[in-house]
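Pasting start_12.txt here (compact mmCIF, C-alpha atoms):
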```txt
# COMPACT_ATOMS: atom_id res chain seq x y z
CA MET A 1343 5.95 73.69 -158.65
CA LYS A 1344 3.34 73.04 -155.98
CA ILE A 1345 -0.23 72.81 -157.33
CA TYR A 1346 -3.13 73.94 -155.14
CA ASN A 1347 -6.76 73.12 -155.93
CA ASN A 1348 -8.09 74.04 -152.49
CA PRO A 1349 -8.00 77.72 -151.40
CA ASN A 1350 -7.31 76.69 -147.81
CA LEU A 1351 -3.93 75.22 -148.72
CA TYR A 1352 -2.26 78.35 -150.13
CA LYS A 1353 -0.75 79.49 -146.84
CA LYS A 1354 2.75 78.13 -147.42
CA HIS A 1355 3.24 80.47 -150.35
CA CYS A 1356 1.57 83.59 -148.94
CA ASN A 1357 2.99 87.09 -149.29
CA GLY A 1358 4.23 86.57 -152.81
CA VAL A 1359 3.75 87.61 -156.43
CA ILE A 1360 0.81 86.19 -158.38
CA ALA A 1361 0.00 86.42 -162.10
CA ILE A 1362 -3.72 85.87 -162.74
CA GLY A 1363 -5.48 84.86 -165.94
CA ASN A 1364 -7.05 82.08 -167.99
CA PHE A 1365 -3.76 81.70 -169.87
CA ASP A 1366 -5.40 79.55 -172.55
CA GLY A 1367 -2.61 78.72 -174.97
CA LEU A 1368 0.13 80.39 -172.90
CA HIS A 1369 1.13 82.46 -175.91
CA LEU A 1370 3.88 85.11 -175.95
CA GLY A 1371 1.53 87.69 -174.41
CA HIS A 1372 0.84 85.41 -171.43
CA GLN A 1373 4.52 84.57 -171.18
CA LYS A 1374 5.32 88.28 -170.95
CA VAL A 1375 2.98 88.68 -167.94
CA ILE A 1376 4.49 85.63 -166.21
CA LYS A 1377 8.10 86.61 -166.87
CA GLU A 1378 7.58 90.15 -165.55
CA ALA A 1379 5.92 88.77 -162.42
CA LYS A 1380 8.78 86.34 -161.92
CA GLN A 1381 11.34 89.15 -162.20
CA LYS A 1382 9.53 91.08 -159.47
CA ALA A 1383 9.50 88.02 -157.17
CA LYS A 1384 13.21 87.46 -157.77
CA LYS A 1385 14.00 91.09 -157.00
CA LYS A 1386 11.92 91.05 -153.80
CA LYS A 1387 13.02 87.51 -152.86
CA ILE A 1388 9.45 86.33 -152.32
CA PRO A 1389 7.42 83.36 -153.70
CA PHE A 1390 6.02 83.52 -157.21
CA GLY A 1391 3.06 81.74 -158.77
CA VAL A 1392 0.13 81.74 -161.16
CA MET A 1393 -3.61 81.66 -160.52
CA THR A 1394 -5.85 80.27 -163.25
CA PHE A 1395 -9.40 78.95 -163.63
CA GLU A 1396 -10.94 75.62 -164.61
CA PRO A 1397 -13.08 75.25 -166.64
CA LEU A 1398 -12.52 78.34 -168.77
CA PRO A 1399 -15.20 80.85 -167.66
CA VAL A 1400 -16.59 81.33 -171.19
CA MET A 1401 -17.21 77.56 -171.44
CA PHE A 1402 -18.82 77.49 -168.00
CA PHE A 1403 -21.30 80.25 -168.87
CA ASN A 1404 -22.12 78.95 -172.33
CA ASN A 1405 -22.36 75.16 -172.53
CA LYS A 1406 -22.92 75.42 -176.28
CA ILE A 1407 -19.27 76.41 -176.69
CA LYS A 1408 -17.46 73.10 -177.18
CA ASN A 1409 -14.37 73.43 -179.33
CA HIS A 1410 -12.70 76.40 -177.73
CA ARG A 1411 -9.55 75.40 -175.87
CA ILE A 1412 -6.08 76.03 -177.24
CA ASN A 1413 -4.58 73.75 -174.61
CA SER A 1414 -5.87 71.35 -171.99
CA LEU A 1415 -5.39 71.91 -168.26
CA ASP A 1416 -2.69 69.21 -168.19
CA GLN A 1417 -0.86 70.89 -171.05
CA LYS A 1418 -1.13 74.24 -169.27
CA LYS A 1419 0.35 72.76 -166.10
CA ALA A 1420 3.24 71.20 -168.04
CA GLN A 1421 3.99 74.47 -169.84
CA LEU A 1422 3.80 76.54 -166.64
CA LYS A 1423 6.21 74.16 -164.93
CA LYS A 1424 8.89 75.29 -167.41
CA PHE A 1425 8.71 78.79 -165.89
CA LYS A 1426 9.85 77.30 -162.57
CA LEU A 1427 6.91 78.65 -160.56
CA ASP A 1428 6.85 78.13 -156.82
CA PHE A 1429 3.12 77.39 -157.00
CA LEU A 1430 0.08 77.14 -159.26
CA ILE A 1431 -3.40 77.87 -157.93
CA VAL A 1432 -6.23 76.31 -159.97
CA ILE A 1433 -9.57 77.87 -159.00
CA LYS A 1434 -12.61 75.73 -159.71
CA PHE A 1435 -14.87 78.00 -161.72
CA ASN A 1436 -18.42 77.11 -160.67
CA LYS A 1437 -21.71 78.81 -159.85
CA ASN A 1438 -20.66 79.67 -156.31
CA PHE A 1439 -17.36 81.21 -157.38
CA SER A 1440 -18.88 83.12 -160.32
CA SER A 1441 -21.49 84.73 -158.05
CA GLN A 1442 -18.85 86.53 -155.96
CA SER A 1443 -18.62 90.28 -156.40
CA ALA A 1444 -15.32 91.74 -157.56
CA GLU A 1445 -14.53 92.99 -154.05
CA GLU A 1446 -15.42 89.60 -152.52
CA PHE A 1447 -12.89 87.93 -154.83
CA ILE A 1448 -10.19 90.41 -153.81
CA LYS A 1449 -11.07 90.12 -150.10
CA LYS A 1450 -11.59 86.34 -149.84
CA ILE A 1451 -8.99 85.04 -152.27
CA ILE A 1452 -6.34 87.71 -152.91
CA PHE A 1453 -6.26 89.18 -149.40
CA LYS A 1454 -7.28 86.45 -146.96
CA LYS A 1455 -6.09 83.29 -148.72
CA THR A 1456 -2.95 84.31 -150.61
CA LYS A 1457 -1.99 87.57 -148.88
CA CYS A 1458 -0.70 88.58 -152.28
CA ARG A 1459 1.77 91.47 -152.31
CA TYR A 1460 2.07 92.02 -156.06
CA LEU A 1461 -0.70 91.10 -158.48
CA TYR A 1462 0.08 90.91 -162.22
CA VAL A 1463 -2.71 90.95 -164.82
CA SER A 1464 -3.15 91.85 -168.48
CA LYS A 1465 -4.89 95.07 -169.54
CA ASN A 1466 -8.19 93.36 -170.42
CA PHE A 1467 -8.48 91.34 -167.18
CA LYS A 1468 -12.12 91.08 -165.96
CA PHE A 1469 -13.37 89.31 -162.84
CA GLY A 1470 -16.19 89.02 -160.34
CA PHE A 1471 -19.96 88.67 -160.82
CA LYS A 1472 -20.92 89.46 -164.44
CA ARG A 1473 -17.27 90.47 -165.08
CA GLN A 1474 -17.87 93.74 -163.25
CA GLY A 1475 -14.32 93.95 -161.93
CA ASN A 1476 -11.40 95.24 -164.00
CA ILE A 1477 -8.00 96.85 -163.53
CA LYS A 1478 -9.65 100.04 -162.20
CA THR A 1479 -11.35 97.93 -159.51
CA LEU A 1480 -8.03 96.37 -158.52
CA LYS A 1481 -6.46 99.83 -158.29
CA LYS A 1482 -9.34 101.05 -156.14
CA PHE A 1483 -8.84 98.32 -153.51
CA GLU A 1484 -5.02 98.22 -153.45
CA LYS A 1485 -4.56 100.06 -150.15
CA LYS A 1486 -7.56 98.50 -148.41
CA TYR A 1487 -6.35 94.94 -149.11
CA ASN A 1488 -2.61 95.60 -148.99
CA PHE A 1489 -1.42 94.63 -152.47
CA LYS A 1490 0.10 96.36 -155.46
CA ASN A 1491 -1.57 95.78 -158.84
CA ILE A 1492 0.68 95.80 -161.90
CA VAL A 1493 -0.76 95.80 -165.42
CA THR A 1494 1.55 94.53 -168.14
CA LYS A 1495 1.54 96.16 -171.56
CA PRO A 1496 0.01 94.01 -174.33
CA PHE A 1497 2.38 91.95 -176.45
CA LYS A 1498 2.23 93.02 -180.10
CA LYS A 1499 3.38 91.32 -183.27
CA ASP A 1500 3.18 93.24 -186.57
CA ASN A 1501 1.20 95.95 -184.72
CA LYS A 1502 -1.46 93.43 -183.62
CA ILE A 1503 -2.18 92.60 -180.00
CA ILE A 1504 -1.65 88.86 -179.49
CA SER A 1505 -4.55 87.21 -177.67
CA SER A 1506 -6.08 83.75 -177.28
CA THR A 1507 -8.92 84.89 -179.58
CA PHE A 1508 -6.39 85.84 -182.27
CA LEU A 1509 -4.71 82.42 -181.96
CA ARG A 1510 -8.01 80.53 -182.21
CA LYS A 1511 -8.82 82.42 -185.39
CA ASN A 1512 -5.48 81.46 -186.95
CA ILE A 1513 -5.79 77.81 -185.87
CA ARG A 1514 -9.18 77.66 -187.59
CA LEU A 1515 -7.60 79.16 -190.71
CA GLY A 1516 -4.86 76.51 -190.73
CA LYS A 1517 -2.10 79.11 -190.20
CA ILE A 1518 -0.25 76.76 -187.89
CA ASP A 1519 3.26 78.04 -188.62
CA LYS A 1520 2.09 81.53 -187.58
CA VAL A 1521 0.43 80.14 -184.44
CA ASN A 1522 3.59 78.25 -183.48
CA LYS A 1523 5.65 81.45 -183.63
CA LEU A 1524 3.19 83.18 -181.30
CA LEU A 1525 3.28 80.24 -178.88
CA ASN A 1526 7.05 79.82 -179.13
CA ARG A 1527 6.38 76.07 -179.51
CA ASN A 1528 4.29 73.77 -181.68
CA TRP A 1529 0.55 73.84 -181.07
CA SER A 1530 -0.51 70.33 -180.11
CA ILE A 1531 -3.47 68.10 -179.36
CA THR A 1532 -2.97 65.46 -176.68
CA GLY A 1533 -5.27 62.50 -176.18
CA LYS A 1534 -5.73 58.77 -175.83
CA VAL A 1535 -5.56 56.69 -179.01
CA ILE A 1536 -8.94 55.15 -179.80
CA GLN A 1537 -9.78 52.20 -182.02
CA GLY A 1538 -10.97 53.13 -185.49
CA GLN A 1539 -12.17 51.05 -188.42
CA ARG A 1540 -8.59 50.13 -189.44
CA ARG A 1541 -9.03 51.47 -192.95
CA GLY A 1542 -5.60 53.12 -192.83
CA ARG A 1543 -3.93 49.83 -191.97
CA LYS A 1544 -5.79 48.06 -194.78
CA ILE A 1545 -4.49 50.50 -197.39
CA GLY A 1546 -0.94 50.52 -196.03
CA PHE A 1547 -1.01 53.68 -193.91
CA PRO A 1548 -1.90 52.76 -190.28
CA THR A 1549 -3.11 55.69 -188.18
CA CYS A 1550 -3.54 56.60 -184.53
CA ASN A 1551 -6.97 58.15 -184.02
CA LEU A 1552 -7.82 60.85 -181.48
CA LYS A 1553 -11.08 62.60 -180.66
CA LEU A 1554 -10.91 66.40 -180.53
CA GLY A 1555 -12.62 66.89 -177.18
CA ASP A 1556 -12.78 70.62 -176.35
CA TYR A 1557 -9.83 71.67 -178.51
CA VAL A 1558 -10.23 74.36 -181.16
CA ILE A 1559 -10.90 72.64 -184.48
CA PRO A 1560 -8.13 73.53 -186.93
CA LYS A 1561 -8.78 73.92 -190.63
CA LEU A 1562 -9.84 70.50 -191.93
CA GLY A 1563 -7.16 68.81 -193.96
CA VAL A 1564 -3.67 67.34 -193.88
CA TYR A 1565 -0.77 68.53 -191.73
CA ALA A 1566 2.89 67.73 -191.24
CA VAL A 1567 3.22 66.81 -187.55
CA LYS A 1568 5.60 65.53 -184.91
CA VAL A 1569 4.19 62.95 -182.51
CA LYS A 1570 5.37 62.55 -178.94
CA SER A 1571 4.71 59.74 -176.47
CA ASN A 1572 6.55 58.34 -173.46
CA ASN A 1573 8.58 56.11 -175.78
CA PHE A 1574 9.19 58.10 -178.96
CA TYR A 1575 9.21 61.49 -180.69
CA ARG A 1576 8.63 60.99 -184.42
CA ASN A 1577 7.63 62.90 -187.52
CA GLY A 1578 4.34 62.04 -189.16
CA ILE A 1579 1.38 63.20 -191.16
CA ALA A 1580 -2.11 63.85 -189.84
CA ASN A 1581 -5.55 64.34 -191.30
CA ILE A 1582 -8.25 66.11 -189.38
CA GLY A 1583 -11.75 65.75 -190.78
CA TYR A 1584 -14.68 63.49 -191.52
CA ARG A 1585 -13.05 61.15 -194.10
CA PRO A 1586 -15.42 62.07 -196.98
CA THR A 1587 -14.05 59.30 -199.23
CA PHE A 1588 -15.59 56.83 -196.74
CA ASN A 1589 -18.67 59.00 -195.99
CA GLY A 1590 -17.51 59.47 -192.39
CA LYS A 1591 -19.72 61.33 -189.94
CA ASN A 1592 -17.48 61.81 -186.87
CA LEU A 1593 -14.65 64.32 -186.68
CA LEU A 1594 -11.32 62.60 -186.04
CA LEU A 1595 -7.63 63.38 -185.93
CA GLU A 1596 -5.87 60.50 -187.75
CA THR A 1597 -2.08 60.39 -187.58
CA ASN A 1598 0.34 58.23 -189.52
CA ILE A 1599 3.61 58.13 -187.56
CA PHE A 1600 6.71 57.57 -189.67
CA GLY A 1601 8.71 54.50 -188.61
CA ILE A 1602 6.12 53.29 -186.07
CA ASN A 1603 3.91 50.34 -186.94
CA LYS A 1604 2.53 48.96 -183.70
CA ASN A 1605 -0.64 48.94 -181.65
CA LEU A 1606 -0.92 52.19 -179.67
CA TYR A 1607 -4.56 51.83 -178.53
CA ASN A 1608 -5.21 53.54 -175.17
CA LYS A 1609 -1.74 55.13 -175.21
CA VAL A 1610 -1.56 58.89 -174.70
CA ILE A 1611 0.13 60.76 -177.53
CA SER A 1612 0.67 64.42 -178.33
CA VAL A 1613 0.29 65.48 -181.97
CA ASN A 1614 2.38 68.61 -182.60
CA PHE A 1615 1.25 70.52 -185.69
CA LYS A 1616 4.04 71.84 -187.91
CA LYS A 1617 2.55 72.88 -191.28
CA PHE A 1618 -0.74 72.79 -193.16
CA ILE A 1619 -0.36 70.76 -196.37
CA ARG A 1620 -3.77 70.67 -198.07
CA PRO A 1621 -7.54 70.84 -197.38
CA GLU A 1622 -9.57 67.66 -196.85
CA LYS A 1623 -11.22 66.36 -200.04
CA LYS A 1624 -13.25 63.42 -201.29
CA PHE A 1625 -11.47 61.02 -203.66
CA ARG A 1626 -13.06 59.01 -206.45
CA ASN A 1627 -11.72 55.72 -205.07
CA LEU A 1628 -9.00 54.15 -202.90
CA LYS A 1629 -6.48 54.19 -205.72
CA TYR A 1630 -6.58 57.99 -205.93
CA LEU A 1631 -6.56 58.33 -202.13
CA LYS A 1632 -3.44 56.15 -201.78
CA LYS A 1633 -1.68 58.10 -204.49
CA GLN A 1634 -2.47 61.39 -202.73
CA ILE A 1635 -1.35 60.07 -199.32
CA LYS A 1636 2.03 59.06 -200.79
CA PHE A 1637 2.37 62.57 -202.21
CA ASP A 1638 1.35 64.16 -198.87
CA ILE A 1639 3.91 62.06 -196.98
CA LYS A 1640 6.64 63.10 -199.42
CA LYS A 1641 5.68 66.75 -198.98
CA ALA A 1642 5.53 66.43 -195.16
CA LYS A 1643 8.99 64.86 -195.06
```
So that I can check it, write out the structure of this file as structure tokens.
Amino acid sequence: MKIYNNPNLYKKHCNGVIAIGNFDGLHLGHQKVIKEAKQKAKKKKIPFGVMTFEPLPVMFFNNKIKNHRINSLDQKKAQLKKFKLDFLIVIKFNKNFSSQSAEEFIKKIIFKKTKCRYLYVSKNFKFGFKRQGNIKTLKKFEKKYNFKNIVTKPFKKDNKIISSTFLRKNIRLGKIDKVNKLLNRNWSITGKVIQGQRRGRKIGFPTCNLKLGDYVIPKLGVYAVKVKSNNFYRNGIANIGYRPTFNGKNLLLETNIFGINKNLYNKVISVNFKKFIRPEKKFRNLKYLKKQIKFDIKKAK
């Protein structure tokens, strides 16, 4: 999969099939769009790729929105690679790009840069200045700019349309097992291990600590997890919260990895959420906390 960050470098993969979207989370609905686009490319024997945007437009327009992402750009790239794309185009979403009219986007990017032949989008796709462009706009300019627009039908589960908004809601509710089914993988948070106050180590349960960054904040509490790094893939237990027993003030993801007891500071790990165990709570003292952690670990295992 060739990754392009500069519009002037697309030429090698011109005249192909492109699926466009934010694809935050790459859930089953997104996967449906991508798979249908790939089938078309295979049938026509032409290149196939995805166009996405960074940062997410909603986060660009509203800097107050912080914890919004289902996956990071690096995670998105890794997941898209599994679809065996020929190319991935990452458009830098900035003031200049966002000020383009819908027709300018079609003319400058779709027509001139990519020479796209088949354009796949979801039903609610919006683009251009103030989101004025939609699937009707794409249909209107098909002949003028020599492409065919194909709108995929929404993916439904239990009569509900699956969207990134729906997934965020369920992550915040702690319904991780439901989220994982809609992603067809475990939802995960990836980051660099930071140094904490070593309280976990002192009470016999060493943890790897991660900051949340821009990820959606899941329901605060304890989860059964599986932790992946370059050197291991192990089960564990994680707490996401403020550590009320210690009067903590900063939100952290603390993970105790089963069978690993070594310094992982500055190492990148991926915490894959499997099941919500219990909400975060404040304990009377360390004795009660340790007792609860032992019970949580038993339940997670």
- request: Do a neighbour search on Gly1367 of chain A at 7 Å with all atoms listed in the file, toss out local chain neighbours closer than 3 positions, and write the hits as a PyMOL selection string.
  value: chain A and resi 1412-1413+1506
task: Within 12 Å of Val1521 of chain A, counting all atoms listed in the file, which residues show up once you throw out same-chain ones fewer than 4 positions away? Write them as an MDAnalysis selection string, please.
output: chainID A and resid 1367:1370 1412 1499 1504:1517 1525:1530 1560 1614:1618
message: Just want the 12 Å neighbourhood of Thr1479 of chain A, counted on only C-alpha atoms, with same-chain residues fewer than 5 positions away dropped. Output as a list in words.
response: Ser1443, Ala1444, Glu1445, Glu1446, Phe1447, Ile1448, Phe1467, Lys1468, Phe1469, Gly1470, Arg1473, Gln1474, Glu1484, Lys1485, Lys1486, Tyr1487 and Asn1491 of chain A
Residue nearest Lys1534 of chain A among A:Lys1481, A:Gly1563, A:Tyr1575, A:Leu1595 (counting only C-alpha atoms):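 Of A:Lys1481, A:Gly1563, A:Tyr1575, A:Leu1595, the one nearest Lys1534 of chain A, counting only C-alpha atoms, is A:Leu1595.
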query: Hey, can you check how far atom CA of Lys1623 of chain A sits from atom CA of Leu1562 of chain A?
result: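 Pair atom CA of Lys1623 of chain A / atom CA of Leu1562 of chain A returns 9.2 Å.
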message: As an exercise, work out the distance from atom CA of Asp1556 of chain A to atom CA of Lys1419 of chain A in Å and give it to one decimal place.
response: 16.8 Å
field: Distance criterion (only C-alpha atoms): nearest to Phe1395 of chain A out of A:Asn1476, A:Asn1364, A:Thr1532, A:Asn1605
entry: A:Asn1364
message: I'd like the interatomic distance between atom CA of Val1493 of chain A and atom CA of Asp1416 of chain A, to a tenth of an Å.
response: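 Answer for the atom CA of Val1493 of chain A to atom CA of Asp1416 of chain A separation: 26.8 Å.
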query: Which residue out of A:Gln1373, A:Thr1494, A:Asn1608, A:Asn1347 has the minimum interatomic distance to Lys1424 of chain A when all atoms listed in the file are used?
result: A:Gln1373
